[in-house]
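Chemist: My questions all concern the structure below.
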Number of protein chains: 2
Amino acid sequence: MARILTGKEVVAALREDLLGRVAALGERGVVPCLAIVRVGERPDDVSYERTAVKRAEGLGVAVRRYELPADAGQAQLEAVIDEVNADGAVHGCLLFRPLPPQIDERAVCERLAPAKDVDGITAASLAGVFAGTGEGFPPATAQACLEMLDFYGIPAAGRRATVVGRSLVIGRPVAMMLLARDATVTLAHSRTADLAGVVREADIVVCATGRARAFGPACFRPGQVVLDVGINFDEEGALCGDVDFVAVEPVLGDDGALTPVPGGLGSVTTSVTMAHVVAAAERAAGLR
Amino acid sequence: MARILTGKEVVAALREDLLGRVAALGERGVVPCLAIVRVGERPDDVSYERTAVKRAEGLGVAVRRYELPADAGQAQLEAVIDEVNADGAVHGCLLFRPLPPQIDERAVCERLAPAKDVDGITAASLAGVFAGTGEGFPPATAQACLEMLDFYGIPAAGRRATVVGRSLVIGRPVAMMLLARDATVTLAHSRTADLAGVVREADIVVCATGRARAFGPACFRPGQVVLDVGINFDEEGALCGDVDFVAVEPVLGDDGALTPVPGGLGSVTTSVTMAHVVAAAERAAGLR
């Protein structure tokens with residue numbers, strides 16, 4: 001049976017580390033604080049927000065919520081970002097996306113101060129991931145993949161990694177982060193010919209297409225490590241990943257490994273966001 | 001015999017296009033102008049500068065040269081960049097790198113105004129390549145690879161491209177540009193296991209390691225398109241690429257293609273730099 005890379009142990013380890021750092025900040029009178037900015041009431045966003053608020057509370061991270069109506073205008077949203085930027089007590093900002101169509105999303109993202117960009121949405125953060133400038137933060141989901149590999153002692157150096165999906169939220173950044181770890185990285189996508197063949201070549205696979213159970217057993221071989229970033233709902237409304245877990249797990253064999261959905265990368269991503277808020281507070285306090 | 005993808009036809013086509021655009025700018029009283037900033041007298045830099053100045057003259061692009069001594073300090077170089085930024089008559093800046101060890105190269109690069117960053121050295125330009133923000137310009141050498149493919153009618157969409165070398169000057173940016181063209185892109189490097197095998201998988205190979213004739217016949221198979229970015233000198237002081245041209249050309253067969261060194265991508269890169277200066281002048285004049 002393949003090793004199941006569950007998130008809860010990674011979350012616990014991150015929690016251990018963060019509690020100490022939050023305490024150290026507390027001694028200096030600093031409470032790390034995350035601003036959550038939501039436009040409208042999309043169920044995904046509301047559900048993720050609930051999880052994030054609970055996780056923050058458990059770590060001693062404060063949360064400030066900004067809720068705007070679904071028909072909010074550009075100026076209204078930008079005023080919120082400006083407030084977040086100006087408020088020295090707020091260290092990081094999580095902005096739910098995609099934003100409604102009346103909003104120029106790129107302009108809103110660019111308005112956020114890179115120092116508070118804990119989810120890697122500014123050009124400065126993206127350049128940080130691409131070029132290693134150290135500014136901003138990588139997108140939390142991409143970082144979660146690395147945390148998962150690190151926790152389970154899975155090296156990337158010298159190994160082949162295939163990332164399927166090329167979004168700026170996960171595909172491209174995680175590819176660059178695996179490259180920085182000396183993996184040989186292939187970026188595949190919807191236009192890739194023989195996708196199954198390309199995926200089978202890899203030692204480490206990151207599935208990030210957002211299509212429910214799109215990766216079946218034909219895509220895999222024994223011994224692969226599969227990170228399933230997907231958070232999808234199937235036709236019956238059940239939460240599932242991009243990988244057909246039940247069918248794929250046996251193919252990977254005893255030497256293989258697979259993250260489940262739910263219970264895999266999603267919860268680690270929430271912890272990474274909190275870790276970034278704490279790091280931003282540390283930087284602001286001159287501790288890093 | 002493999003098709004030899006020579007640069008001079010690409011240069012001629014770019015020239016044709018640029019002459020018309022320079023004339024149109026001239027009608028508005030604008031002369032596109034490139035600042036060339038050189039610290040010290042490295043033979044490579046001096047030689048490239050000579051080529052660039054000649055190319056600029058032939059196109060009606062003005063050149064303003066800034067030469068600093070090899071022991072120039074940070075403040076001295078930054079003052080030059082500030083002058084370039086402030087001068088409305090200068091549209092682009094080519095800064096020779098690597099800079100001497102006493103200089104903080106990253107700080108100098110970041111000081112340049114992205115609008116004048118015709119060689120893609122600022123974080124804004126790098127984010128532009130990575131994220132498609134449209135700011136700045138891609139590095140000229142990376143763009144030259146795409147110009148070569150375009151001119152010779154070689155599509156990238158749906159094909160496998162392997163880029164060997166992961167520098168910010170060429171490897172990573174060209175990988176992102178090929179990805180934007182819908183290629184399935186693999187980034188390989190010095191830590192890649194079975195490099196020859198990884199290179200043989202690709203339909204399009206970009207060799208950008210900077211090691212003279214490091215790619216021998218064992219790395220290739222018939223039908224591949226090979227772009228050799230290397231500009232190296234062999235033990236006898238002869239200019240050569242990363243690919244062992246004489247040994248590799250027969251392996252590629254009649255369906256294959258290969259850029260020579262010299263006579264390949266190098267001269268196209270110079271034209272791309274000029275095209276970026278013209279585009280920067282057009283943007284400044286509100287023509288784009």
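Order determines the names: the first chain of the structure tokens is A, the second B, and so forth; residues in each chain are numbered 1 upward, and ligands are numbered 1 upward as they are shown.
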Least-squares superpose chain A on chain B across all ordered C-alpha pairs, then write out what you get as a compact mmCIF listing (two decimals) with C-alpha atoms, in the first residue's frame.
Modeler:
```
# COMPACT_ATOMS: atom_id res chain seq x y z
CA MET A 1 21.52 17.34 -43.42
CA ALA A 2 19.89 19.27 -40.60
CA ARG A 3 18.50 22.69 -41.33
CA ILE A 4 20.93 25.38 -40.16
CA LEU A 5 19.02 28.18 -38.49
CA THR A 6 21.25 31.14 -39.23
CA GLY A 7 20.62 34.48 -37.58
CA LYS A 8 21.23 36.84 -40.48
CA GLU A 9 17.83 36.28 -42.12
CA VAL A 10 16.11 36.90 -38.78
CA VAL A 11 18.20 40.04 -38.27
CA ALA A 12 17.24 41.25 -41.76
CA ALA A 13 13.55 40.71 -41.09
CA LEU A 14 13.73 42.50 -37.75
CA ARG A 15 15.67 45.31 -39.41
CA GLU A 16 12.98 45.76 -42.05
CA ASP A 17 10.32 46.10 -39.38
CA LEU A 18 12.41 48.38 -37.16
CA LEU A 19 13.41 50.81 -39.91
CA GLY A 20 9.74 51.60 -40.53
CA ARG A 21 9.07 52.07 -36.84
CA VAL A 22 12.14 54.27 -36.33
CA ALA A 23 10.98 56.40 -39.28
CA ALA A 24 7.51 56.75 -37.76
CA LEU A 25 9.07 57.86 -34.47
CA GLY A 26 11.27 60.29 -36.41
CA GLU A 27 8.15 61.96 -37.84
CA ARG A 28 7.21 62.76 -34.26
CA GLY A 29 10.67 64.10 -33.53
CA VAL A 30 11.67 61.08 -31.46
CA VAL A 31 15.01 59.33 -31.89
CA PRO A 32 15.07 56.06 -29.96
CA CYS A 33 18.11 56.06 -27.71
CA LEU A 34 19.94 53.27 -25.91
CA ALA A 35 22.20 53.92 -22.93
CA ILE A 36 25.04 51.41 -22.64
CA VAL A 37 26.55 51.21 -19.17
CA ARG A 38 29.87 49.42 -18.82
CA VAL A 39 32.05 49.05 -15.72
CA GLY A 40 35.64 48.11 -16.60
CA GLU A 41 36.98 46.84 -19.91
CA ARG A 42 36.11 43.14 -20.10
CA PRO A 43 36.86 42.00 -23.66
CA ASP A 44 33.43 40.32 -24.02
CA ASP A 45 31.65 43.51 -23.04
CA VAL A 46 33.78 45.73 -25.26
CA SER A 47 33.25 43.39 -28.20
CA TYR A 48 29.49 43.18 -27.67
CA GLU A 49 29.32 46.94 -27.23
CA ARG A 50 31.04 47.46 -30.58
CA THR A 51 28.50 45.19 -32.28
CA ALA A 52 25.59 46.88 -30.53
CA VAL A 53 26.75 50.39 -31.45
CA LYS A 54 27.13 49.39 -35.09
CA ARG A 55 23.71 47.74 -35.16
CA ALA A 56 22.14 50.79 -33.53
CA GLU A 57 23.72 53.14 -36.05
CA GLY A 58 22.40 51.06 -38.95
CA LEU A 59 18.88 51.34 -37.57
CA GLY A 60 18.90 55.00 -36.63
CA VAL A 61 18.96 54.22 -32.90
CA ALA A 62 21.11 56.65 -30.90
CA VAL A 63 23.56 55.34 -28.33
CA ARG A 64 24.78 57.06 -25.21
CA ARG A 65 27.76 55.38 -23.60
CA TYR A 66 28.57 55.44 -19.92
CA GLU A 67 31.98 53.97 -19.13
CA LEU A 68 33.09 53.54 -15.54
CA PRO A 69 36.43 52.31 -14.24
CA ALA A 70 36.64 48.70 -13.03
CA ASP A 71 36.95 49.94 -9.45
CA ALA A 72 33.88 52.16 -9.60
CA GLY A 73 31.83 52.27 -6.41
CA GLN A 74 28.16 51.58 -5.78
CA ALA A 75 27.21 55.25 -5.51
CA GLN A 76 29.01 56.12 -8.72
CA LEU A 77 27.19 53.44 -10.69
CA GLU A 78 23.85 54.22 -9.10
CA ALA A 79 24.27 57.86 -10.04
CA VAL A 80 24.60 56.77 -13.67
CA ILE A 81 21.42 54.68 -13.43
CA ASP A 82 19.63 57.64 -11.87
CA GLU A 83 20.77 59.84 -14.75
CA VAL A 84 19.49 57.29 -17.27
CA ASN A 85 16.16 57.09 -15.46
CA ALA A 86 15.78 60.87 -15.34
CA ASP A 87 16.73 61.55 -18.97
CA GLY A 88 13.59 61.61 -21.10
CA ALA A 89 15.69 61.31 -24.28
CA VAL A 90 17.00 57.86 -23.22
CA HIS A 91 14.52 55.03 -23.79
CA GLY A 92 16.43 51.92 -22.83
CA CYS A 93 19.46 50.81 -20.86
CA LEU A 94 21.86 47.95 -21.43
CA LEU A 95 24.00 47.25 -18.36
CA PHE A 96 26.86 44.82 -18.80
CA ARG A 97 26.97 42.06 -16.21
CA PRO A 98 28.35 40.45 -14.16
CA LEU A 99 29.38 43.62 -12.35
CA PRO A 100 32.63 43.72 -10.36
CA PRO A 101 32.49 42.17 -6.86
CA GLN A 102 32.45 45.50 -4.98
CA ILE A 103 29.05 46.27 -6.55
CA ASP A 104 25.68 45.06 -5.20
CA GLU A 105 24.38 43.97 -8.60
CA ARG A 106 20.78 43.30 -7.50
CA ALA A 107 20.48 46.81 -6.03
CA VAL A 108 21.78 48.38 -9.25
CA CYS A 109 19.38 46.34 -11.39
CA GLU A 110 16.42 47.28 -9.21
CA ARG A 111 17.31 50.95 -9.50
CA LEU A 112 16.64 50.97 -13.24
CA ALA A 113 13.18 52.20 -14.26
CA PRO A 114 11.24 49.17 -15.56
CA ALA A 115 10.08 51.19 -18.57
CA LYS A 116 13.74 51.45 -19.67
CA ASP A 117 14.65 47.89 -18.77
CA VAL A 118 15.16 46.63 -22.33
CA ASP A 119 17.20 43.64 -21.19
CA GLY A 120 14.86 42.32 -18.50
CA ILE A 121 17.05 42.83 -15.42
CA THR A 122 14.50 44.33 -12.98
CA ALA A 123 12.13 42.35 -10.77
CA ALA A 124 9.25 44.02 -12.62
CA SER A 125 10.45 42.65 -15.96
CA LEU A 126 11.05 39.22 -14.45
CA ALA A 127 7.55 39.24 -12.97
CA GLY A 128 6.36 40.31 -16.42
CA VAL A 129 7.88 37.17 -17.94
CA PHE A 130 6.78 34.89 -15.09
CA ALA A 131 3.29 36.23 -14.54
CA GLY A 132 2.50 38.00 -17.78
CA THR A 133 1.99 41.39 -16.15
CA GLY A 134 3.26 43.07 -19.33
CA GLU A 135 5.66 45.32 -17.44
CA GLY A 136 9.23 45.86 -18.63
CA PHE A 137 10.80 43.56 -21.25
CA PRO A 138 11.96 39.94 -21.30
CA PRO A 139 15.72 39.33 -21.38
CA ALA A 140 16.90 39.85 -24.98
CA THR A 141 18.53 36.42 -25.32
CA ALA A 142 15.36 34.64 -24.25
CA GLN A 143 13.32 36.70 -26.69
CA ALA A 144 15.87 35.91 -29.44
CA CYS A 145 15.08 32.19 -29.08
CA LEU A 146 11.40 32.90 -29.73
CA GLU A 147 12.21 35.18 -32.68
CA MET A 148 14.30 32.37 -34.17
CA LEU A 149 11.47 29.84 -33.86
CA ASP A 150 8.93 32.32 -35.23
CA PHE A 151 11.04 33.31 -38.23
CA TYR A 152 11.66 29.71 -39.25
CA GLY A 153 8.03 28.75 -38.68
CA ILE A 154 8.73 26.27 -35.90
CA PRO A 155 5.70 25.90 -33.61
CA ALA A 156 6.09 25.27 -29.89
CA ALA A 157 2.46 24.57 -28.92
CA GLY A 158 1.85 21.06 -27.70
CA ARG A 159 5.51 20.11 -28.22
CA ARG A 160 8.09 19.21 -25.62
CA ALA A 161 10.78 21.78 -24.98
CA THR A 162 13.78 21.17 -22.72
CA VAL A 163 15.78 24.13 -21.48
CA VAL A 164 19.18 23.25 -20.04
CA GLY A 165 20.44 25.96 -17.70
CA ARG A 166 18.33 27.90 -15.23
CA SER A 167 19.80 31.40 -15.15
CA LEU A 168 17.62 34.49 -14.97
CA VAL A 169 19.31 35.81 -18.11
CA ILE A 170 18.11 32.97 -20.31
CA GLY A 171 17.06 29.60 -18.82
CA ARG A 172 14.16 30.49 -16.57
CA PRO A 173 12.76 33.28 -18.77
CA VAL A 174 12.90 31.29 -22.02
CA ALA A 175 11.19 28.39 -20.21
CA MET A 176 8.33 30.70 -19.20
CA MET A 177 8.09 32.13 -22.72
CA LEU A 178 7.90 28.64 -24.25
CA LEU A 179 5.27 27.74 -21.66
CA ALA A 180 3.26 30.81 -22.69
CA ARG A 181 3.39 29.37 -26.22
CA ASP A 182 1.81 26.17 -24.87
CA ALA A 183 4.94 24.00 -25.00
CA THR A 184 5.38 21.33 -22.33
CA VAL A 185 8.57 22.65 -20.77
CA THR A 186 11.29 20.85 -18.82
CA LEU A 187 13.95 22.80 -16.95
CA ALA A 188 17.16 20.80 -16.66
CA HIS A 189 20.50 21.81 -15.14
CA SER A 190 23.78 20.68 -13.68
CA ARG A 191 22.02 18.58 -11.03
CA THR A 192 19.81 16.75 -13.55
CA ALA A 193 20.22 12.97 -13.56
CA ASP A 194 20.61 11.45 -17.06
CA LEU A 195 20.80 14.83 -18.73
CA ALA A 196 21.33 13.29 -22.17
CA GLY A 197 18.14 11.26 -21.77
CA VAL A 198 16.14 14.31 -20.69
CA VAL A 199 17.43 16.31 -23.66
CA ARG A 200 16.64 13.51 -26.11
CA GLU A 201 12.97 13.53 -25.02
CA ALA A 202 12.43 17.06 -26.28
CA ASP A 203 11.25 18.32 -29.65
CA ILE A 204 12.89 21.69 -29.02
CA VAL A 205 16.10 22.02 -26.98
CA VAL A 206 17.57 25.25 -25.64
CA CYS A 207 21.20 24.78 -24.58
CA ALA A 208 22.21 27.53 -22.18
CA THR A 209 24.90 26.24 -19.87
CA GLY A 210 27.84 28.35 -21.00
CA ARG A 211 30.12 25.32 -21.32
CA ALA A 212 32.00 25.02 -24.60
CA ARG A 213 30.74 22.09 -26.74
CA ALA A 214 29.33 20.33 -23.65
CA PHE A 215 26.46 18.83 -25.66
CA GLY A 216 27.73 15.97 -27.81
CA PRO A 217 25.90 13.59 -30.19
CA ALA A 218 24.69 11.32 -27.35
CA CYS A 219 22.33 14.09 -26.21
CA PHE A 220 20.32 14.20 -29.42
CA ARG A 221 18.12 12.23 -31.81
CA PRO A 222 16.83 12.85 -35.35
CA GLY A 223 14.21 15.55 -35.80
CA GLN A 224 15.06 17.81 -32.88
CA VAL A 225 15.29 21.60 -33.10
CA VAL A 226 18.35 22.77 -31.16
CA LEU A 227 18.85 26.39 -30.10
CA ASP A 228 22.42 26.97 -28.95
CA VAL A 229 22.62 30.03 -26.73
CA GLY A 230 26.24 29.48 -25.72
CA ILE A 231 28.91 32.04 -26.51
CA ASN A 232 32.12 30.38 -25.38
CA PHE A 233 35.75 30.22 -26.36
CA ASP A 234 37.41 26.83 -26.72
CA GLU A 235 40.94 25.96 -25.68
CA GLU A 236 42.32 27.39 -28.90
CA GLY A 237 40.43 30.63 -28.33
CA ALA A 238 37.87 29.96 -31.05
CA LEU A 239 34.28 31.12 -30.54
CA CYS A 240 31.93 28.18 -30.08
CA GLY A 241 28.55 27.27 -28.62
CA ASP A 242 27.38 24.86 -25.95
CA VAL A 243 26.74 22.29 -28.69
CA ASP A 244 29.44 20.35 -30.51
CA PHE A 245 28.09 21.49 -33.87
CA VAL A 246 30.16 19.28 -36.16
CA ALA A 247 29.37 16.10 -34.25
CA VAL A 248 25.72 16.88 -33.49
CA GLU A 249 24.48 18.20 -36.82
CA PRO A 250 24.47 14.76 -38.55
CA VAL A 251 22.56 13.19 -35.63
CA LEU A 252 19.65 15.59 -36.05
CA GLY A 253 18.97 14.36 -39.58
CA ASP A 254 17.03 16.01 -42.39
CA ASP A 255 14.09 16.85 -40.14
CA GLY A 256 16.28 18.40 -37.46
CA ALA A 257 17.49 21.97 -37.13
CA LEU A 258 20.35 23.67 -35.30
CA THR A 259 21.56 27.23 -34.71
CA PRO A 260 25.28 27.79 -35.40
CA VAL A 261 27.72 29.70 -33.18
CA PRO A 262 28.75 32.22 -34.36
CA GLY A 263 26.05 33.26 -36.81
CA GLY A 264 23.06 32.09 -34.78
CA LEU A 265 21.29 33.55 -31.77
CA GLY A 266 23.97 36.09 -30.82
CA SER A 267 23.24 38.50 -33.65
CA VAL A 268 19.49 38.08 -33.18
CA THR A 269 19.91 39.05 -29.54
CA THR A 270 21.47 42.36 -30.54
CA SER A 271 18.51 43.05 -32.82
CA VAL A 272 16.05 42.16 -30.08
CA THR A 273 17.73 44.70 -27.80
CA MET A 274 17.24 47.33 -30.49
CA ALA A 275 13.63 46.23 -30.98
CA HIS A 276 13.06 46.70 -27.26
CA VAL A 277 14.58 50.20 -27.36
CA VAL A 278 12.28 51.11 -30.24
CA ALA A 279 9.30 49.63 -28.39
CA ALA A 280 10.25 51.58 -25.25
CA ALA A 281 10.43 54.79 -27.34
CA GLU A 282 7.04 53.98 -28.84
CA ARG A 283 5.53 53.42 -25.41
CA ALA A 284 7.04 56.67 -24.15
CA ALA A 285 5.58 58.47 -27.17
CA GLY A 286 2.17 56.94 -26.55
CA LEU A 287 2.31 54.95 -29.79
CA ARG A 288 1.82 51.54 -28.13
```
Chemist: If DSSP is run on the backbone, what residues of range 39-286 of chain B are strand (DSSP E)? A reply as a count of residues only would be ideal.
Modeler: 36
Chemist: Apply DSSP to the backbone of this structure and, from range 16-246 of chain B, keep only the residues in helix (DSSP H, G or I); write these as a ChimeraX atom specification.
Modeler: /B:16-27,43-59,74-86,105-111,114-116,123-131,140-151,171-180,195-201,217-219,245-246
Chemist: Those same residues, written as a JSON list (two decimals), in the first residue's frame with C-alpha atoms?
Modeler:
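Writing the result to result-v4.json gives the following:
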```json
[["chain", "number", "residue", "atom", "x", "y", "z"],
["B", 16, "GLU", "CA", 12.96, 45.75, -42.05],
["B", 17, "ASP", "CA", 10.32, 46.10, -39.37],
["B", 18, "LEU", "CA", 12.40, 48.38, -37.15],
["B", 19, "LEU", "CA", 13.40, 50.81, -39.90],
["B", 20, "GLY", "CA", 9.73, 51.60, -40.51],
["B", 21, "ARG", "CA", 9.05, 52.07, -36.83],
["B", 22, "VAL", "CA", 12.11, 54.28, -36.32],
["B", 23, "ALA", "CA", 10.96, 56.42, -39.27],
["B", 24, "ALA", "CA", 7.49, 56.75, -37.75],
["B", 25, "LEU", "CA", 9.06, 57.86, -34.46],
["B", 26, "GLY", "CA", 11.23, 60.30, -36.38],
["B", 27, "GLU", "CA", 8.12, 61.95, -37.81],
["B", 43, "PRO", "CA", 36.87, 41.99, -23.68],
["B", 44, "ASP", "CA", 33.43, 40.30, -24.02],
["B", 45, "ASP", "CA", 31.66, 43.50, -23.06],
["B", 46, "VAL", "CA", 33.79, 45.73, -25.27],
["B", 47, "SER", "CA", 33.26, 43.38, -28.22],
["B", 48, "TYR", "CA", 29.50, 43.18, -27.68],
["B", 49, "GLU", "CA", 29.32, 46.94, -27.24],
["B", 50, "ARG", "CA", 31.05, 47.46, -30.58],
["B", 51, "THR", "CA", 28.50, 45.19, -32.29],
["B", 52, "ALA", "CA", 25.59, 46.89, -30.54],
["B", 53, "VAL", "CA", 26.75, 50.40, -31.46],
["B", 54, "LYS", "CA", 27.15, 49.40, -35.10],
["B", 55, "ARG", "CA", 23.72, 47.75, -35.17],
["B", 56, "ALA", "CA", 22.14, 50.79, -33.53],
["B", 57, "GLU", "CA", 23.72, 53.15, -36.06],
["B", 58, "GLY", "CA", 22.39, 51.07, -38.95],
["B", 59, "LEU", "CA", 18.89, 51.34, -37.56],
["B", 74, "GLN", "CA", 28.16, 51.57, -5.78],
["B", 75, "ALA", "CA", 27.23, 55.25, -5.50],
["B", 76, "GLN", "CA", 29.01, 56.13, -8.72],
["B", 77, "LEU", "CA", 27.20, 53.43, -10.69],
["B", 78, "GLU", "CA", 23.86, 54.22, -9.09],
["B", 79, "ALA", "CA", 24.28, 57.87, -10.05],
["B", 80, "VAL", "CA", 24.61, 56.78, -13.68],
["B", 81, "ILE", "CA", 21.43, 54.69, -13.43],
["B", 82, "ASP", "CA", 19.64, 57.65, -11.87],
["B", 83, "GLU", "CA", 20.78, 59.83, -14.74],
["B", 84, "VAL", "CA", 19.50, 57.29, -17.27],
["B", 85, "ASN", "CA", 16.16, 57.10, -15.44],
["B", 86, "ALA", "CA", 15.78, 60.88, -15.33],
["B", 105, "GLU", "CA", 24.38, 43.96, -8.60],
["B", 106, "ARG", "CA", 20.79, 43.31, -7.49],
["B", 107, "ALA", "CA", 20.49, 46.81, -6.04],
["B", 108, "VAL", "CA", 21.79, 48.38, -9.25],
["B", 109, "CYS", "CA", 19.38, 46.34, -11.39],
["B", 110, "GLU", "CA", 16.43, 47.29, -9.20],
["B", 111, "ARG", "CA", 17.31, 50.95, -9.50],
["B", 114, "PRO", "CA", 11.23, 49.16, -15.56],
["B", 115, "ALA", "CA", 10.09, 51.21, -18.59],
["B", 116, "LYS", "CA", 13.75, 51.47, -19.68],
["B", 123, "ALA", "CA", 12.13, 42.35, -10.77],
["B", 124, "ALA", "CA", 9.25, 44.02, -12.63],
["B", 125, "SER", "CA", 10.46, 42.65, -15.96],
["B", 126, "LEU", "CA", 11.06, 39.22, -14.45],
["B", 127, "ALA", "CA", 7.55, 39.24, -12.99],
["B", 128, "GLY", "CA", 6.36, 40.31, -16.43],
["B", 129, "VAL", "CA", 7.89, 37.17, -17.94],
["B", 130, "PHE", "CA", 6.78, 34.90, -15.11],
["B", 131, "ALA", "CA", 3.28, 36.24, -14.58],
["B", 140, "ALA", "CA", 16.91, 39.86, -24.98],
["B", 141, "THR", "CA", 18.55, 36.44, -25.32],
["B", 142, "ALA", "CA", 15.37, 34.65, -24.27],
["B", 143, "GLN", "CA", 13.32, 36.71, -26.71],
["B", 144, "ALA", "CA", 15.87, 35.92, -29.44],
["B", 145, "CYS", "CA", 15.09, 32.19, -29.09],
["B", 146, "LEU", "CA", 11.41, 32.89, -29.74],
["B", 147, "GLU", "CA", 12.22, 35.18, -32.69],
["B", 148, "MET", "CA", 14.31, 32.37, -34.19],
["B", 149, "LEU", "CA", 11.47, 29.84, -33.87],
["B", 150, "ASP", "CA", 8.95, 32.31, -35.26],
["B", 151, "PHE", "CA", 11.04, 33.31, -38.24],
["B", 171, "GLY", "CA", 17.05, 29.59, -18.83],
["B", 172, "ARG", "CA", 14.14, 30.50, -16.60],
["B", 173, "PRO", "CA", 12.75, 33.29, -18.79],
["B", 174, "VAL", "CA", 12.88, 31.29, -22.02],
["B", 175, "ALA", "CA", 11.19, 28.40, -20.22],
["B", 176, "MET", "CA", 8.32, 30.71, -19.23],
["B", 177, "MET", "CA", 8.09, 32.14, -22.74],
["B", 178, "LEU", "CA", 7.91, 28.66, -24.27],
["B", 179, "LEU", "CA", 5.26, 27.75, -21.69],
["B", 180, "ALA", "CA", 3.26, 30.82, -22.71],
["B", 195, "LEU", "CA", 20.79, 14.85, -18.71],
["B", 196, "ALA", "CA", 21.32, 13.31, -22.15],
["B", 197, "GLY", "CA", 18.13, 11.26, -21.76],
["B", 198, "VAL", "CA", 16.12, 14.31, -20.68],
["B", 199, "VAL", "CA", 17.43, 16.32, -23.64],
["B", 200, "ARG", "CA", 16.65, 13.51, -26.10],
["B", 201, "GLU", "CA", 12.97, 13.54, -25.02],
["B", 217, "PRO", "CA", 25.90, 13.60, -30.17],
["B", 218, "ALA", "CA", 24.68, 11.32, -27.34],
["B", 219, "CYS", "CA", 22.32, 14.10, -26.18],
["B", 245, "PHE", "CA", 28.09, 21.50, -33.85],
["B", 246, "VAL", "CA", 30.16, 19.27, -36.15]]
```
